[in-house]
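Visitor: Got a structure here, written out as structure tokens. Questions coming.
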Number of protein chains: 2
Amino acid sequence: MSQAFDPTQTDQSDVVVSSRVRLARNLVGFPFVNRADPEQCREIVTLVRSMELASGAETTWVDMTEANQTDRHILLERHLISQQFIAAEGPRGVAINRERTLSIMVNEEDHLRIQVLLPGSQLRNAWNQVNKVDHRLERSAELAVHPRWGYLTACPTNVGTAIRFSIMAHLPALRMTKEVERLRRAANTLHLAVRGFYGEGSESSGDFYQISNQLTLGLSEEDLLAKFADTVVPKVVNYERVAREMLLERNRILLEDRVHRAVGILTTARLLSIIEAMKQLSRVRLGISLGLVDVVSLQDVQNLFLEIQPAHLRVAFGANAEVQTEDMDDEWIRECRATHVRATLAKAR
Amino acid sequence: MSQAFDPTQTDQSDVVVSSRVRLARNLVGFPFVNRADPEQCREIVTLVRSMELASGAETTWVDMTEANQTDRHILLERHLISQQFIAAEGPRGVAINRERTLSIMVNEEDHLRIQVLLPGSQLRNAWNQVNKVDHRLERSAELAVHPRWGYLTACPTNVGTAIRFSIMAHLPALRMTKEVERLRRAANTLHLAVRGFYGEGSESSGDFYQISNQLTLGLSEEDLLAKFADTVVPKVVNYERVAREMLLERNRILLEDRVHRAVGILTTARLLSIIEAMKQLSRVRLGISLGLVDVVSLQDVQNLFLEIQPAHLRVAFGANAEVQTEDMDDEWIRECRATHVRATLAKAR
């Protein structure tokens, strides 16, 4: 199916940065995580680790109680674990495949959170991959399912399919024209959530918005996917594209100014905070999509969004030691960031 | 004397942008300008124009009642006339030499305001040139002089020598370290005034400060000059230089960041307001002085400070027509400014 032609999912990379599908699953015979004691949590971890969930692919197990701050933040920056998973306590961990597209969090809010995250607009692919893991899980364990309500989850909003589809959308034009607020309101009535770069409770950074379905009950997974991927996503993409065209038409010089300045700043700055770097890279990304600049490829810019994150820079620049969270973006890291961005853009030229 | 070696006045171009000497003179037989009627003002203009004041040099007469807004602002941007001379009413004008270093305003606050403005630290040169014009004036007309008080002027603060020495100082490091306020307070006790880019009442723009002597009474012109040029100016220069060295030593990365970003912005922006352009050029000027950048010469940057002024851009880009003052820095001019700055920096590379 992933090879089949799908007009709604091709070439949306100007707006859709990545596609994500996640399932919540709980095991029969254990309380939900928030009610389980450490011993029960340890048993859940042991049980899940004994299963062969990812077909053929090597998965790595990261024990969260042993991982240091930098390693935890590396996973967060790659969207492989959640903010709350970092801060949580008790036995827990995450299995990650070699391509770092699949992650299985054990003892986050639910016993299992299975996620596939793929670049670009690939919701059907992601769904197929998640589905395979789910089938293997069903053969390995007894899952908490209610005949009428479907899959049971720690939070009632997930009950039913317990599935969530989401895309990371780059909406700089909608933000510039302040239409993101209209999008938020429209999303609400369509049972969609519009969130920041790192999910629930986080701010939008670099004009990126995570848009996800909120409905998990009353429709099959396939119907939810069809609704989201074939109706919602194309609408969002179109909305942003129209806003971009409008900006180009009505205020081309202002748009060019912002895009070219962004290149100017990124190629010369000696200190870059994460917030400014994401803002300026966002403008470069917009400029590439609109054909205003070609100093760097869309792929290079997309890689930079990950490489400039604090924990990634710490590892790349050789400070892998344990750090306090509040130090993550200190002056040294801001200098490393500027150095790395300059080098990348110089190489691309 | 202008050829004599003067250790205090050589090579201060890192801080001293220009040197200015101006004299106030009034003619016997006419009331001060604020008391004169239009007919008397016209007579003063006619009388002054009949004198040969500038030796050999061609001077051009600009009748302020006929000049349009753009032409007036061209003169203001070159510091050849004052803000209040633009807004004033009644017969008045200015004689300007070919090199545009000498200006004689007629019917500003006093009947005559003779000014010589030279680039860099050249107060003695400027004084010699002003002095020659003054001697010619004394031979051509009877001046209002009191045997005890000296030259009489419309404003009592000028009475006596009626002379003012000033330099335009570039003080980015003192501003960054917030020591400009200390300089202001110190200046006060030394009978000095610290003003903005366009003199009295104007804001400092691009870190430029006009520093002038306020004392005109009780000392000879030569003594005032010696005190200002040999004591005050070297102190200000040294104060700024120490601040620059301190910044370099304590916060080199921040300084480099600001300087290189300034180059980045000026070489890429498509819209530049006058305020931002002066701010960024100021940082480039500082960077050149400290050897942090060499993309452009100090002279090119200094020329840009003049060329980016709104009236100069209007003329350069072919909109010489009458404009309203409030439109002087509209979007079209901001675009012209960015275009001109980019072209200049690209040529310099």
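Labels for the structure tokens follow display order: chains A, B, ..., residues from 1 in each chain, ligands from 1.
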Distance cut-off 10 Å, counting only C-alpha atoms - which residues of chain A neighbour chain B? Return them as a list in words.
Guide: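 Residues of chain A within 10 Å of chain B, counting only C-alpha atoms: Ile253, Leu254, Leu255, Glu256, Asp257, Arg258, Val259, His260, Arg261, Ala262, Val263, Gly264, Ile265, Leu266, Thr267, Thr268, Ala269, Arg270, Leu271, Leu272, Glu331, Glu335 and Ala338 of chain A.
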Visitor: Just want the 6 Å neighbourhood of stretch 208-221 of chain B, counted on only C-alpha atoms, with same-chain residues fewer than 5 positions away dropped. Output as an mmCIF file with N, CA and C atoms, in the first residue's frame.
Guide:
data_model
loop_
_atom_site.group_PDB
_atom_site.id
_atom_site.type_symbol
_atom_site.label_atom_id
_atom_site.label_comp_id
_atom_site.auth_asym_id
_atom_site.auth_seq_id
_atom_site.Cartn_x
_atom_site.Cartn_y
_atom_site.Cartn_z
ATOM 1 N N ASN B 158 26.220 82.245 24.268
ATOM 2 C CA ASN B 158 27.270 82.347 23.252
ATOM 3 C C ASN B 158 28.128 83.603 23.380
ATOM 4 N N GLY B 160 30.738 86.461 24.191
ATOM 5 C CA GLY B 160 32.158 86.369 24.501
ATOM 6 C C GLY B 160 32.924 86.051 23.237
ATOM 7 N N THR B 161 33.512 84.847 23.201
ATOM 8 C CA THR B 161 34.178 84.439 21.959
ATOM 9 C C THR B 161 33.140 84.043 20.906
ATOM 10 N N ALA B 162 31.950 83.659 21.382
ATOM 11 C CA ALA B 162 30.882 83.197 20.483
ATOM 12 C C ALA B 162 31.347 82.027 19.619
ATOM 13 N N PHE B 165 33.563 74.712 19.687
ATOM 14 C CA PHE B 165 34.318 73.602 19.118
ATOM 15 C C PHE B 165 33.529 72.337 19.384
ATOM 16 N N SER B 166 33.487 71.454 18.407
ATOM 17 C CA SER B 166 32.836 70.174 18.690
ATOM 18 C C SER B 166 33.429 69.066 17.843
ATOM 19 N N ILE B 167 33.307 67.883 18.364
ATOM 20 C CA ILE B 167 33.652 66.708 17.572
ATOM 21 C C ILE B 167 32.441 65.795 17.527
ATOM 22 N N MET B 168 32.372 65.015 16.430
ATOM 23 C CA MET B 168 31.396 63.934 16.387
ATOM 24 C C MET B 168 32.171 62.676 16.765
ATOM 25 N N ALA B 169 31.799 62.098 17.897
ATOM 26 C CA ALA B 169 32.544 60.943 18.400
ATOM 27 C C ALA B 169 31.720 59.668 18.235
ATOM 28 N N HIS B 170 32.390 58.607 17.835
ATOM 29 C CA HIS B 170 31.729 57.306 17.707
ATOM 30 C C HIS B 170 32.043 56.509 18.973
ATOM 31 N N HIS B 191 31.893 71.710 31.622
ATOM 32 C CA HIS B 191 31.284 72.669 30.691
ATOM 33 C C HIS B 191 31.278 72.142 29.254
ATOM 34 N N LEU B 192 30.972 70.869 29.142
ATOM 35 C CA LEU B 192 30.852 70.272 27.816
ATOM 36 C C LEU B 192 29.407 69.838 27.618
ATOM 37 N N ALA B 193 28.968 69.808 26.367
ATOM 38 C CA ALA B 193 27.643 69.271 26.075
ATOM 39 C C ALA B 193 27.811 67.994 25.263
ATOM 40 N N VAL B 194 26.990 66.980 25.578
ATOM 41 C CA VAL B 194 26.990 65.735 24.807
ATOM 42 C C VAL B 194 25.616 65.625 24.164
ATOM 43 N N ARG B 195 25.608 65.665 22.828
ATOM 44 C CA ARG B 195 24.317 65.697 22.129
ATOM 45 C C ARG B 195 24.211 64.598 21.095
ATOM 46 N N GLY B 196 23.029 64.498 20.473
ATOM 47 C CA GLY B 196 22.786 63.464 19.456
ATOM 48 C C GLY B 196 23.376 63.818 18.105
ATOM 49 N N PHE B 197 23.047 62.981 17.140
ATOM 50 C CA PHE B 197 23.652 63.047 15.810
ATOM 51 C C PHE B 197 23.366 64.361 15.092
#
Visitor: Run DSSP on the backbone and give me the residues of stretch 129-237 of chain A it puts in alpha helix (DSSP H), as JSON, numbers by chain.
Guide: {"A": [129, 130, 131, 132, 133, 134, 135, 136, 137, 138, 139, 140, 172, 173, 174, 175, 176, 180, 181, 182, 183, 184, 185, 186, 187, 188, 189, 221, 222, 223, 224, 225, 226, 227, 233, 234, 235, 236, 237]}
Visitor: Quick one: of A:Val242, A:Phe32, A:Leu304, A:Ala126, who's nearest to A:Ala343, counting only C-alpha atoms?
Guide: A:Leu304
Visitor: Rounded to one decimal in Å, what is the spacing between atom CA of A:Ala173 and atom CA of A:Ala243?
Guide: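 Interatomic distance, atom CA of A:Ala173 to atom CA of A:Ala243: 5.5 Å.
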Visitor: Considering only C-alpha atoms, can you say which of A:Cys155, A:Val33, A:Ala54, A:Ala346 comes closest to A:Glu89?
Guide: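 Of A:Cys155, A:Val33, A:Ala54, A:Ala346, the one nearest A:Glu89 is A:Val33, counting only C-alpha atoms.
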Visitor: Select, from B:Gln40, B:Ala88, B:Val15, B:Ala24, the residue with the minimum atom-to-atom distance to B:Tyr151, counting only C-alpha atoms.
Guide: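 Answer, going by the shortest atom-to-atom distance: B:Ala24.
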Visitor: Suppose you want the space between atom CA of B:Ala154 and atom CA of B:Leu190; what is it in Å?
Guide: 23.7 Å
Visitor: Find the residues around A:Arg241 up to 12 Å (only C-alpha atoms counted), leave out those fewer than 3 positions away in its own chain, and share them as a PyMOL selection string.
Guide: chain A and resi 12-16+169-174+234-238+244-248+286+289-290
Visitor: Find the distance between atom CA of A:Glu43 and atom CA of A:Arg148 and write it in Å to one decimal.
Guide: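 Spanning atom CA of A:Glu43 to atom CA of A:Arg148 is a straight-line distance of 28.5 Å.
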Visitor: I'd like the neighbourhood of stretch 129-137 of chain B as a list in words, where a residue qualifies if any of its atoms comes within 9 Å (using only C-alpha atoms), though same-chain residues fewer than 6 positions away should be ignored.
Guide: Val21, Arg22, Leu23, Arg25, Val48, Met51, Glu52, Leu53, Ala54, Ser55, Leu102, Ile114, Gln115, Val116 and Leu143 of chain B
Visitor: Those selected residues, please, written with N, CA and C atoms and delivered as a PDB file, in the first residue's frame.
Guide:
ATOM      1  N   VAL B  21      34.087  73.692  13.948  1.00  0.00           N
ATOM      2  CA  VAL B  21      34.225  74.948  14.675  1.00  0.00           C
ATOM      3  C   VAL B  21      33.177  75.896  14.121  1.00  0.00           C
ATOM      4  N   ARG B  22      32.460  76.569  14.994  1.00  0.00           N
ATOM      5  CA  ARG B  22      31.501  77.548  14.485  1.00  0.00           C
ATOM      6  C   ARG B  22      31.543  78.824  15.323  1.00  0.00           C
ATOM      7  N   LEU B  23      31.365  79.919  14.604  1.00  0.00           N
ATOM      8  CA  LEU B  23      31.335  81.246  15.220  1.00  0.00           C
ATOM      9  C   LEU B  23      29.957  81.849  15.040  1.00  0.00           C
ATOM     10  N   ARG B  25      28.135  85.553  14.791  1.00  0.00           N
ATOM     11  CA  ARG B  25      28.432  86.975  14.604  1.00  0.00           C
ATOM     12  C   ARG B  25      27.150  87.742  14.296  1.00  0.00           C
ATOM     13  N   VAL B  48      25.167  90.567   3.548  1.00  0.00           N
ATOM     14  CA  VAL B  48      26.145  89.473   3.676  1.00  0.00           C
ATOM     15  C   VAL B  48      26.523  88.943   2.302  1.00  0.00           C
ATOM     16  N   MET B  51      29.328  90.638   0.461  1.00  0.00           N
ATOM     17  CA  MET B  51      30.711  90.519   0.967  1.00  0.00           C
ATOM     18  C   MET B  51      31.421  89.337   0.312  1.00  0.00           C
ATOM     19  N   GLU B  52      32.756  89.471   0.213  1.00  0.00           N
ATOM     20  CA  GLU B  52      33.588  88.358  -0.281  1.00  0.00           C
ATOM     21  C   GLU B  52      34.170  87.674   0.950  1.00  0.00           C
ATOM     22  N   LEU B  53      33.479  86.639   1.433  1.00  0.00           N
ATOM     23  CA  LEU B  53      33.897  86.042   2.709  1.00  0.00           C
ATOM     24  C   LEU B  53      34.840  84.847   2.562  1.00  0.00           C
ATOM     25  N   ALA B  54      34.586  84.039   1.554  1.00  0.00           N
ATOM     26  CA  ALA B  54      35.412  82.841   1.396  1.00  0.00           C
ATOM     27  C   ALA B  54      36.487  83.130   0.360  1.00  0.00           C
ATOM     28  N   SER B  55      37.733  83.056   0.791  1.00  0.00           N
ATOM     29  CA  SER B  55      38.833  83.493  -0.066  1.00  0.00           C
ATOM     30  C   SER B  55      38.993  82.599  -1.286  1.00  0.00           C
ATOM     31  N   LEU B 102      32.671  74.409   4.430  1.00  0.00           N
ATOM     32  CA  LEU B 102      32.339  75.711   5.027  1.00  0.00           C
ATOM     33  C   LEU B 102      30.878  76.050   4.769  1.00  0.00           C
ATOM     34  N   ILE B 114      29.064  80.960  11.175  1.00  0.00           N
ATOM     35  CA  ILE B 114      30.125  80.493  10.287  1.00  0.00           C
ATOM     36  C   ILE B 114      30.624  79.161  10.813  1.00  0.00           C
ATOM     37  N   GLN B 115      30.577  78.147   9.978  1.00  0.00           N
ATOM     38  CA  GLN B 115      30.971  76.809  10.430  1.00  0.00           C
ATOM     39  C   GLN B 115      31.943  76.161   9.469  1.00  0.00           C
ATOM     40  N   VAL B 116      32.987  75.554  10.006  1.00  0.00           N
ATOM     41  CA  VAL B 116      33.849  74.686   9.201  1.00  0.00           C
ATOM     42  C   VAL B 116      33.787  73.284   9.807  1.00  0.00           C
ATOM     43  N   LEU B 143      30.868  94.692  13.372  1.00  0.00           N
ATOM     44  CA  LEU B 143      30.246  93.614  14.141  1.00  0.00           C
ATOM     45  C   LEU B 143      29.886  94.082  15.540  1.00  0.00           C
TER      46      LEU B 143
END
Visitor: Between B:Val94, B:Ala311, B:Met105, B:Leu225, which residue has the minimum interatomic distance to B:Asn128, considering only C-alpha atoms?
Guide: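 The closest residue to B:Asn128 is B:Leu225.
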